[in-house]
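Structure file model-v6.cif (mmCIF, C-alpha atoms and all ligand atoms) follows.
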```cif
data_structure
#
loop_
_atom_site.label_atom_id
_atom_site.label_comp_id
_atom_site.auth_asym_id
_atom_site.auth_seq_id
_atom_site.Cartn_x
_atom_site.Cartn_y
_atom_site.Cartn_z
CA MET M 12 140.63 -111.30 134.62
CA MET M 13 140.25 -111.53 138.39
CA GLN M 14 136.76 -110.91 139.79
CA LYS M 15 136.30 -107.75 141.81
CA LEU M 16 133.67 -106.94 144.38
CA LYS M 17 131.86 -103.62 144.28
CA ILE M 18 131.17 -102.15 147.71
CA ALA M 19 128.90 -99.15 148.26
CA ILE M 20 129.81 -96.84 151.10
CA GLN M 21 128.33 -93.56 152.23
CA LYS M 22 129.68 -90.57 150.28
CA SER M 23 129.59 -88.20 153.26
CA GLY M 24 127.85 -88.31 156.60
CA ARG M 25 127.88 -90.19 159.86
CA LEU M 26 128.89 -93.54 158.36
CA SER M 27 131.56 -92.48 155.91
CA ASP M 28 134.51 -91.99 158.29
CA GLY M 29 133.79 -95.25 160.12
CA SER M 30 133.44 -97.15 156.84
CA LEU M 31 136.70 -95.78 155.40
CA ASN M 32 138.54 -96.40 158.70
CA LEU M 33 137.38 -100.00 158.76
CA ILE M 34 138.53 -100.59 155.18
CA ARG M 35 141.92 -98.95 155.86
CA GLN M 36 142.41 -100.89 159.12
CA CYS M 37 141.86 -104.04 157.04
CA GLY M 38 145.02 -103.02 155.16
CA ILE M 39 143.08 -102.10 152.00
CA LYS M 40 144.38 -99.02 150.21
CA ILE M 41 141.83 -96.64 148.66
CA PRO M 42 143.36 -94.01 146.40
CA ARG M 43 140.38 -91.66 146.74
CA MET M 44 140.32 -88.50 144.68
CA LYS M 45 138.38 -85.68 146.31
CA GLY M 46 134.81 -85.67 145.01
CA ALA M 47 135.21 -88.93 143.03
CA LEU M 48 132.21 -91.28 143.15
CA LYS M 49 134.27 -94.39 142.32
CA ALA M 50 137.64 -95.74 143.34
CA GLU M 51 139.54 -98.99 143.12
CA ALA M 52 141.63 -100.57 145.89
CA SER M 53 145.23 -100.95 144.83
CA ASN M 54 145.92 -104.12 146.86
CA PHE M 55 142.59 -105.97 147.19
CA PRO M 56 139.88 -106.93 144.63
CA LEU M 57 137.45 -104.20 145.75
CA GLU M 58 135.91 -101.31 143.87
CA PHE M 59 134.21 -98.54 145.86
CA LEU M 60 131.04 -96.67 144.98
CA PHE M 61 130.45 -93.56 147.09
CA LEU M 62 126.68 -93.10 147.43
CA ARG M 63 123.94 -91.62 149.61
CA ASP M 64 123.29 -94.02 152.50
CA ASP M 65 119.55 -94.28 151.84
CA ASP M 66 120.26 -95.43 148.25
CA ILE M 67 122.65 -98.20 149.33
CA PRO M 68 120.12 -100.98 150.22
CA GLY M 69 118.42 -100.58 146.81
CA TYR M 70 121.70 -100.66 144.86
CA VAL M 71 122.82 -103.75 146.78
CA GLN M 72 119.48 -105.49 146.18
CA ASP M 73 119.75 -104.79 142.43
CA GLY M 74 123.38 -105.93 142.27
CA VAL M 75 124.74 -102.53 141.19
CA ALA M 76 126.97 -103.05 144.24
CA ASP M 77 127.71 -106.53 145.64
CA LEU M 78 128.24 -105.24 149.16
CA GLY M 79 127.26 -102.16 151.13
CA ILE M 80 128.00 -100.59 154.47
CA VAL M 81 124.80 -99.04 155.76
CA GLY M 82 123.07 -98.24 159.05
CA ALA M 83 120.58 -100.87 160.24
CA ASN M 84 118.08 -97.98 160.32
CA GLU M 85 118.30 -97.60 156.52
CA ALA M 86 118.51 -101.35 155.85
CA VAL M 87 115.32 -102.05 157.81
CA GLU M 88 113.45 -98.92 156.66
CA LYS M 89 114.10 -99.57 152.98
CA ASP M 90 113.08 -103.23 153.45
CA LYS M 91 115.06 -104.45 150.42
CA ASN M 92 116.01 -108.02 149.65
CA VAL M 93 119.62 -108.04 150.92
CA ASP M 94 121.61 -110.38 153.15
CA THR M 95 123.06 -109.02 156.37
CA ILE M 96 126.60 -110.39 156.51
CA HIS M 97 127.91 -108.75 159.66
CA HIS M 98 127.22 -106.23 162.43
CA LEU M 99 130.16 -103.83 162.24
CA GLY M 100 129.84 -102.26 165.69
CA PHE M 101 130.25 -98.58 164.76
CA SER M 102 127.81 -95.72 164.18
CA LYS M 103 125.65 -96.98 167.02
CA CYS M 104 122.53 -94.97 167.66
CA ARG M 105 118.84 -95.43 168.46
CA LEU M 106 115.64 -94.40 166.73
CA SER M 107 113.49 -92.64 169.29
CA ILE M 108 110.21 -90.81 169.66
CA ALA M 109 110.58 -87.37 171.29
CA ILE M 110 108.04 -84.78 172.40
CA PRO M 111 108.28 -81.15 173.62
CA LYS M 112 110.13 -81.07 176.96
CA GLU M 113 107.34 -79.40 178.92
CA GLN M 114 104.72 -81.99 177.93
CA GLU M 115 103.73 -84.66 180.41
CA TYR M 116 104.25 -88.27 179.30
CA ASN M 117 102.78 -91.31 181.04
CA GLY M 118 103.21 -93.96 178.39
CA ILE M 119 102.75 -94.90 174.76
CA GLN M 120 98.94 -94.37 174.91
CA ASP M 121 99.65 -90.61 175.27
CA LEU M 122 100.71 -90.66 171.61
CA ASP M 123 97.32 -91.95 170.41
CA GLY M 124 95.82 -89.58 167.81
CA LYS M 125 99.00 -87.45 167.66
CA SER M 126 101.03 -86.58 164.58
CA ILE M 127 104.66 -87.71 164.42
CA ALA M 128 107.22 -86.39 161.93
CA THR M 129 109.88 -88.87 160.81
CA SER M 130 112.13 -90.07 158.00
CA TYR M 131 111.43 -93.65 159.14
CA PRO M 132 107.71 -94.25 158.46
CA LYS M 133 108.07 -98.03 158.13
CA ILE M 134 109.96 -98.69 161.38
CA LEU M 135 107.73 -96.22 163.25
CA GLY M 136 104.53 -97.59 161.67
CA ASP M 137 105.47 -101.18 162.59
CA PHE M 138 106.23 -100.12 166.17
CA LEU M 139 102.94 -98.24 166.59
CA THR M 140 100.94 -101.12 165.09
CA GLU M 141 102.60 -103.55 167.49
CA LYS M 142 101.68 -101.27 170.40
CA GLY M 143 98.12 -100.75 169.12
CA VAL M 144 98.53 -96.97 168.93
CA LYS M 145 97.15 -94.90 166.02
CA CYS M 146 99.12 -91.84 164.94
CA ASP M 147 99.33 -89.65 161.88
CA ILE M 148 102.82 -90.31 160.48
CA HIS M 149 104.17 -87.29 158.68
CA GLU M 150 107.12 -88.30 156.47
CA ILE M 151 109.83 -85.68 156.05
CA SER M 152 113.34 -86.16 154.76
CA GLY M 153 115.45 -83.95 157.01
CA SER M 154 115.59 -81.49 159.94
CA VAL M 155 112.95 -83.60 161.65
CA GLU M 156 113.66 -82.13 165.08
CA ILE M 157 112.28 -78.74 164.06
CA ALA M 158 108.79 -80.15 163.35
CA PRO M 159 107.11 -79.58 166.77
CA ASN M 160 108.58 -76.04 167.02
CA ILE M 161 107.01 -74.97 163.71
CA GLY M 162 103.69 -76.70 164.32
CA LEU M 163 104.25 -79.43 161.73
CA ALA M 164 103.76 -82.33 164.16
CA ASP M 165 103.18 -83.07 167.85
CA ALA M 166 106.18 -85.35 168.16
CA ILE M 167 109.16 -86.63 166.16
CA CYS M 168 110.82 -89.98 165.60
CA ASP M 169 114.49 -89.62 164.70
CA LEU M 170 117.95 -91.03 165.25
CA VAL M 171 119.57 -90.13 168.55
CA SER M 172 123.21 -90.52 169.34
CA THR M 173 124.33 -88.16 172.12
CA GLY M 174 120.89 -86.57 172.59
CA SER M 175 122.24 -83.04 172.15
CA THR M 176 120.11 -82.30 169.04
CA LEU M 177 116.96 -83.13 171.02
CA MET M 178 118.09 -80.92 173.88
CA GLN M 179 118.88 -78.00 171.57
CA ASN M 180 115.35 -78.25 170.18
CA ASN M 181 113.63 -78.46 173.55
CA LEU M 182 112.57 -82.06 173.05
CA LYS M 183 112.70 -85.09 175.36
CA GLU M 184 113.09 -88.73 174.36
CA VAL M 185 110.08 -90.80 175.47
CA GLU M 186 110.35 -94.08 173.54
CA SER M 187 113.43 -95.77 172.08
CA ILE M 188 112.03 -97.96 169.31
CA PHE M 189 115.01 -99.35 167.37
CA LYS M 190 118.75 -99.86 167.97
CA SER M 191 121.00 -99.26 165.01
CA GLU M 192 124.63 -99.77 164.01
CA ALA M 193 126.55 -100.10 160.75
CA LEU M 194 125.90 -103.35 158.88
CA LEU M 195 127.70 -105.08 156.04
CA ILE M 196 125.01 -106.13 153.57
CA ALA M 197 125.29 -108.18 150.36
CA THR M 198 123.32 -109.01 147.24
CA PRO M 199 121.70 -112.43 147.73
CA GLY M 200 123.05 -115.29 145.57
CA LEU M 201 126.53 -113.95 144.76
CA SER M 202 128.89 -116.24 142.80
CA ALA M 203 131.27 -118.57 144.66
CA GLU M 204 134.18 -116.44 143.47
CA LYS M 205 132.67 -113.28 144.95
CA LYS M 206 131.82 -115.10 148.18
CA GLU M 207 135.46 -116.07 148.47
CA ILE M 208 136.48 -112.41 148.35
CA ILE M 209 133.85 -111.65 151.03
CA ASP M 210 135.40 -114.41 153.18
CA GLN M 211 138.83 -112.79 152.80
CA LEU M 212 137.37 -109.43 153.80
CA MET M 213 135.49 -110.95 156.75
CA PHE M 214 138.68 -112.67 157.95
CA ARG M 215 140.29 -109.24 158.26
CA ILE M 216 137.22 -107.62 159.86
CA ASN M 217 136.97 -110.41 162.45
CA ALA M 218 140.68 -110.03 163.29
CA LEU M 219 140.08 -106.32 163.95
CA GLN M 220 136.95 -106.84 166.02
CA THR M 221 138.51 -109.62 168.14
CA ALA M 222 141.55 -107.40 168.75
CA ASP M 223 139.26 -104.55 169.78
CA ASN M 224 137.61 -106.66 172.49
CA ASN M 225 140.90 -107.90 173.93
CA LYS M 226 143.99 -106.35 175.47
CA TYR M 227 147.59 -107.53 175.79
CA ILE M 228 148.55 -107.42 179.44
CA LEU M 229 151.99 -107.51 181.04
CA LEU M 230 152.59 -107.64 184.79
CA ASN M 231 155.22 -108.57 187.32
CA ALA M 232 154.14 -111.40 189.62
CA PRO M 233 155.77 -112.56 192.86
CA LYS M 234 156.80 -116.20 192.27
CA GLU M 235 155.13 -117.29 195.52
CA ASN M 236 151.71 -116.13 194.22
CA LEU M 237 152.18 -117.07 190.57
CA ASP M 238 149.52 -119.80 190.56
CA THR M 239 146.89 -117.48 192.08
CA ILE M 240 147.71 -114.80 189.50
CA LEU M 241 147.65 -117.24 186.56
CA ASN M 242 144.24 -118.49 187.69
CA LEU M 243 142.96 -114.94 187.48
CA LEU M 244 144.24 -114.56 183.88
CA PRO M 245 142.57 -116.86 181.38
CA GLY M 246 144.91 -116.31 178.38
CA MET M 247 144.42 -117.27 174.71
CA ARG M 248 146.22 -120.55 175.31
CA SER M 249 148.56 -120.09 178.21
CA PRO M 250 150.41 -117.00 179.44
CA SER M 251 154.11 -116.42 178.66
CA ILE M 252 156.25 -116.34 181.80
CA LEU M 253 159.62 -114.62 181.58
CA PRO M 254 162.36 -114.36 184.22
CA LEU M 255 163.27 -110.99 185.73
CA ALA M 256 166.51 -109.65 187.26
CA ASP M 257 164.74 -109.81 190.64
CA GLU M 258 164.55 -113.58 191.14
CA ASP M 259 161.52 -113.35 193.42
CA PHE M 260 159.40 -112.07 190.49
CA VAL M 261 158.52 -113.17 186.94
CA SER M 262 156.96 -111.19 184.11
CA VAL M 263 153.59 -112.56 182.92
CA HIS M 264 152.28 -111.70 179.41
CA THR M 265 148.84 -112.69 178.22
CA VAL M 266 145.75 -111.63 176.28
CA ILE M 267 142.54 -111.00 178.18
CA ALA M 268 139.07 -109.68 177.36
CA GLU M 269 139.03 -106.05 178.43
CA ASP M 270 135.92 -106.50 180.60
CA ASP M 271 137.49 -109.47 182.41
CA PHE M 272 140.60 -107.44 183.12
CA TRP M 273 138.74 -104.60 184.85
CA SER M 274 136.72 -107.02 186.97
CA LYS M 275 139.93 -108.79 188.12
CA ILE M 276 142.24 -105.84 188.71
CA GLU M 277 141.68 -105.64 192.50
CA GLU M 278 142.26 -109.40 192.91
CA LEU M 279 145.45 -109.19 190.82
CA LYS M 280 146.77 -106.37 192.99
CA ALA M 281 145.77 -108.20 196.18
CA ALA M 282 147.77 -111.21 194.91
CA GLY M 283 150.84 -108.99 194.58
CA ALA M 284 150.82 -108.19 190.84
CA GLU M 285 152.86 -105.06 190.11
CA GLY M 286 153.75 -102.86 187.16
CA ILE M 287 150.61 -103.82 185.25
CA LEU M 288 150.63 -102.64 181.62
CA VAL M 289 147.56 -102.94 179.37
CA VAL M 290 148.35 -102.58 175.67
CA PRO M 291 145.93 -102.37 172.71
CA ILE M 292 146.13 -105.11 170.09
CA GLU M 293 145.90 -104.10 166.43
CA LYS M 294 144.81 -107.43 164.93
CA MET M 295 144.07 -110.79 166.52
CA ILE M 296 143.66 -114.10 164.71
CA LEU M 297 142.40 -116.98 166.82
P1 LIG F 301 122.84 -86.39 168.47
O1 LIG F 301 122.67 -84.89 168.65
O2 LIG F 301 124.27 -86.84 168.71
O3 LIG F 301 121.85 -87.17 169.30
O4 LIG F 301 122.56 -86.74 166.93
C1 LIG F 301 121.29 -86.53 166.40
C2 LIG F 301 121.34 -86.05 164.98
O5 LIG F 301 122.28 -86.78 164.23
C3 LIG F 301 120.02 -86.28 164.30
O6 LIG F 301 119.84 -85.29 163.32
C4 LIG F 301 120.16 -87.65 163.70
O7 LIG F 301 119.36 -87.80 162.54
C5 LIG F 301 121.64 -87.71 163.37
N1 LIG F 301 122.26 -89.01 163.68
C6 LIG F 301 122.65 -89.43 164.90
N2 LIG F 301 123.24 -90.65 164.83
C7 LIG F 301 123.21 -91.00 163.53
C8 LIG F 301 123.67 -92.15 162.81
N3 LIG F 301 124.28 -93.17 163.41
N4 LIG F 301 123.46 -92.18 161.47
C9 LIG F 301 122.87 -91.14 160.85
N5 LIG F 301 122.41 -90.02 161.47
C10 LIG F 301 122.59 -89.96 162.79
#
```
Represent the structure from my file as structure tokens, please.
Amino acid sequence: MMQKLKIAIQKSGRLSDGSLNLIRQCGIKIPRMKGALKAEASNFPLEFLFLRDDDIPGYVQDGVADLGIVGANEAVEKDKNVDTIHHLGFSKCRLSIAIPKEQEYNGIQDLDGKSIATSYPKILGDFLTEKGVKCDIHEISGSVEIAPNIGLADAICDLVSTGSTLMQNNLKEVESIFKSEALLIATPGLSAEKKEIIDQLMFRINALQTADNNKYILLNAPKENLDTILNLLPGMRSPSILPLADEDFVSVHTVIAEDDFWSKIEELKAAGAEGILVVPIEKMIL
């Protein structure tokens, strides 16, 4: 029987949509029944376990799941023996210390002797030790942002994405201590057969991520300035050049990193490029 990999993904919460989207964009079909805690892909050797995100590092360490998609915040906080295979680039956020808005803040030493409520005592503790600041860390598992308002702690340390939760609770961010994003983690020492399935999965993930960072661009270039325009467009190998009904122009098609494109747009226009179209790429294999 063919080996299958078990992958743990978050049952519900901030990571679950991103994780399921990634798997689906990889062309893997998940016939998920509402409320089911397990599912099997119909066209790829993957079995899914839908779990709480803070349980995922432990299950991956113990081999209950071979792979897991989890926030770096949980992976580092739980400090389990797992291999980080890849940074997935979604669910980006930061772990920050925040204090009541009206309080003055002149630097980390202002936190000395204060109590801080958090669900991340390890990451916070390591940060404070490194800075030589002593605080009373008050571990709580949820609704951390309410702590200063109810007199539970002087400050909080929690995940921040847009910052609106802090604002709603009259808090201001004073120290950003850790940057997080979704990670693909694996049980150390998997069999060669399982590693081969991971390679197949990674091939698809890389194709998606490369496509995401690049755009397909089409433009009309006056023949007399073609060399200048081509020099501005470093393509994958070399751009395609197609004739147009107007013999003074050609159509140029190429792939370019999105950032490069925006920095070159004025020069392209100055060189006479017209009718510029920028098209997203679904998958890109180099
Ligand atoms: P925001 O209001 O967008 O700054 O989000 C803050 C709230 O969402 C806090 O309750 C955080 O614990 C939670 N949060 C923000 N980003 C994430 C994330 N990537 N993973 C898990 N929880 C998050």
Residues within 7 Å of ligand LIG 301 (chain F) should be enumerated using all atoms listed in the file and returned as a list in words.
Arg25, Leu26, Gly82, Ser102, Lys103, Cys104, Ser154, Asp169, Leu170, Val171, Ser172, Thr173, Gly174, Ser175, Thr176, Leu177 and Glu192 of chain M
Expressed in Å, the length from atom CA of Glu88 of chain M to atom CA of Leu16 of chain M is 25.0 Å
So which one's closest to Ile228 of chain M, M:Ile252, M:Leu212, M:Leu194, M:Val290? Using only C-alpha atoms, please.
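Of M:Ile252, M:Leu212, M:Leu194, M:Val290, the one nearest Ile228 of chain M, counting only C-alpha atoms, is M:Val290.
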Interatomic distance (Å, one decimal) between atom CA of Leu229 of chain M and atom CA of Gly286 of chain M:
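Computed distance, atom CA of Leu229 of chain M to atom CA of Gly286 of chain M, equals 7.9 Å.
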Kindly assemble as a tab-separated table a list of the segment 132-242 of chain M residues that lie within 6 Å of segment 109-123 of chain M, each paired with its nearest atom pair and their distance in Å to one decimal, using only C-alpha atoms, sorted first by chain and then by ascending residue number.
```
residue	atom	partner	partner_atom	distance
M:Val144	CA	M:Asp123	CA	5.4
M:Lys145	CA	M:Asp123	CA	5.3
M:Cys146	CA	M:Asp123	CA	5.8
M:Ala166	CA	M:Ile110	CA	4.7
M:Ile167	CA	M:Ala109	CA	5.4
M:Asn181	CA	M:Lys112	CA	5.5
M:Leu182	CA	M:Pro111	CA	4.4
M:Lys183	CA	M:Lys112	CA	5.0
M:Glu184	CA	M:Ala109	CA	4.2
M:Val185	CA	M:Ala109	CA	5.4
```
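Considering the residues M:Pro291, M:Pro42, M:Gly24, M:Pro254 and counting only C-alpha atoms, Val266 of chain M has its shortest atom-to-atom contact with M:Pro291.
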Counting all atoms listed in the file, which of M:Gly38, M:Gly46, M:Gly29, M:Pro159 gets nearest to Gly100 of chain M?
M:Gly29
